[in-house]
Amino acid sequence: MNYLISSFFLCYTSEYGDFFSMRIGLISDIHSNYIALKTALDFLEGKIDVLLCSGDFVGYGPSPKKCIEALIDFPLPHYYCIGNHDLKVRYQYSCNINKPLERDFKILSKFRFSEVAEEMIKRNASELKDIHFDFLCSLSFKQIFQLKGYNIYLTHGTPSVRRAENVGKYLFAPPRLTNEVINNRISKDKYAKKSDLIIVGHSHQRFLIDRSRLFHWSLINDILDKKQTKFPLTFSTKRKKVILNPGSVGQARDGTGNASFTIINIEKQKIVFHDLDYPRTKFYQLVKKKCDPEIHGDNFWENRFGNFSKNREL
Ligand SMILES: [Fe+2]
């Protein structure tokens with residue numbers, strides 16, 4: 001099924017490839033924050049030819065249905081994969097309708113969620129209807145496809161042949177993980193190994209690693225090292241051995257709290273990281289109504305570094 005979907009979009013893009021430059025929009029970790037998602041999608045309108053999302057459409061936030069509905073019929077070719085919160089929400093929904101998805105349960109038993117996450121997973125799942133559940137069930141653990149000659153590998157956590165790692169294991173830029181660890185992980189998955197572009201999410205932190213010249217950049221490292229990085233950040237795609245995290249649309253954990261996303265222009269060989277502020281007051285009103293104010297204060301959404309600190313052991 002996934003193969004068929006991928007093939008369709010591949011045909012679509014090559015059919016129109018001579019007329020459009022290939023501009024890829026990358027989003028991730030929306031977390032039921034529709035107001036941030038709308039800000040990102042409004043900006044991307046007319047600027048991209050294909051949309052990729054590396055998971056966590058739902059969880060944490062107040063608007064799971066609206067987030068799914070905005071992307072379910074997205075009017076451009078798109079590739080999505082499942083995040084750990086999507087997996088847990090779909091499992092919770094399956095339990096609510098007395099048809100527990102045993103395969104999901106097995107994967108979920110390999111990792112844990114925080115109390116806040118668990119609570120919002122339950123609240124999100126209780127709001128959904130079958131159409132949203134079907135969307136979550138359509139998501140795969142990884143997507144492997146080609147765009148304009150680039151081999152692309154899209155997953156939420158880390159490239160791996162294990163689904164639990166695809167969905168729940170973090171991939172960080174050096175120095176948090178060494179180049180050796182990163183290359184070792186990639187070498188274990190033959191599709192990741194031959195990929196030109198690996199896109200992940202999960203950490204909610206933007207980074208780019210160029211495996212062909214051992215170059216890396218991450219916003220969180222810049223902030224912790226007190227470098228003054230200015231946006232948009234632009235990189236070249238000339239060397240095709242890139243691993244990239246576009247950051248989080250709905251709950252940034254890298255210092256800005258803004259809706260973060262990335263645009264890759266294959267023709268112009270350019271990667272640009274963006275982050276935009278979104279209407280916070282409107283969002284916080286919704287949070288107060290639908291989330292738990294005790295655990296979802298403003299700090300939660302603007303948290304600078306999540307649970308990660310420079311000295312955290314991995
Ligand atoms: Fe996430």
# chains A, B, ... in the order shown; residues from 1 in each chain; ligands from 1
>>> select_by_dssp(residues="stretch 136-197 of chain A", states="helix (DSSP H, G or I)", output="ChimeraX atom specification")
/A:136-138,163-168,179-187,190-193
>>> residues_near_ligand(ligand="ligand 1", cutoff="8 Å", atoms="only C-alpha atoms and all ligand atoms", output="number ranges by chain")
A: 28-31, 55-56, 59, 83-85, 201-204, 248, 251
>>> select_by_dssp(residues="stretch 69-218 of chain A", states="strand (DSSP E or B)", output="PyMOL selection string")
chain A and resi 78-81+140+142-147+150-155+197-199+207-210+215-218
>>> residues_around(residues="A:Arg185", least_positions_apart="5", cutoff="9 Å", atoms="only C-alpha atoms", output="list in words")
Thr158, Pro159, Ser160, Glu180 and Ala192 of chain A
>>> write_last_selection(atoms="N, CA and C atoms", output="short mmCIF file (atom, residue, chain, number, x, y, z; two decimals), in the first residue's frame")
data_model
loop_
_atom_site.label_atom_id
_atom_site.label_comp_id
_atom_site.auth_asym_id
_atom_site.auth_seq_id
_atom_site.Cartn_x
_atom_site.Cartn_y
_atom_site.Cartn_z
N THR A 158 14.67 7.37 14.61
CA THR A 158 16.00 7.14 14.04
C THR A 158 15.90 6.13 12.90
N PRO A 159 16.78 6.23 11.90
CA PRO A 159 16.77 5.21 10.85
C PRO A 159 17.12 3.86 11.46
N SER A 160 16.34 2.86 11.15
CA SER A 160 16.55 1.54 11.74
C SER A 160 15.66 0.53 11.04
N GLU A 180 30.49 8.57 14.74
CA GLU A 180 30.65 7.11 14.68
C GLU A 180 29.33 6.41 15.03
N ALA A 192 18.67 3.32 4.59
CA ALA A 192 19.25 4.54 5.17
C ALA A 192 20.65 4.76 4.61
#
>>> closest_residue(among="A:Asn299, A:Thr281, A:Asn258, A:Ser54", to="A:Pro246", atoms="only C-alpha atoms")
A:Ser54
>>> residues_around(residues="A:Phe141", least_positions_apart="2", cutoff="12 Å", atoms="only C-alpha atoms", output="MDAnalysis selection string")
chainID A and resid 2 53:56 79:84 86:87 104 107 136:139 143:144 153:168 200
>>> atom_distance(atom1="atom CA of A:Phe74", atom2="atom CA of A:Ala117")
26.9 Å
>>> residues_around(residues="stretch 211-214 of chain A", least_positions_apart="6", cutoff="12 Å", atoms="only C-alpha atoms", output="list of chain:residue names")
A:Ala173, A:Pro174, A:Pro175, A:Thr178, A:Asn179, A:Glu180, A:Ile182, A:Asn183, A:Asn184, A:Ile186, A:Lys193, A:Lys194, A:Ser195, A:Asp196, A:Leu197, A:Ile198, A:Thr237, A:Lys238, A:Arg239, A:Lys240, A:Lys241, A:Val242, A:Ile243, A:Leu244
>>> atom_distance(atom1="atom CA of A:His296", atom2="atom CA of A:Val116")
8.1 Å
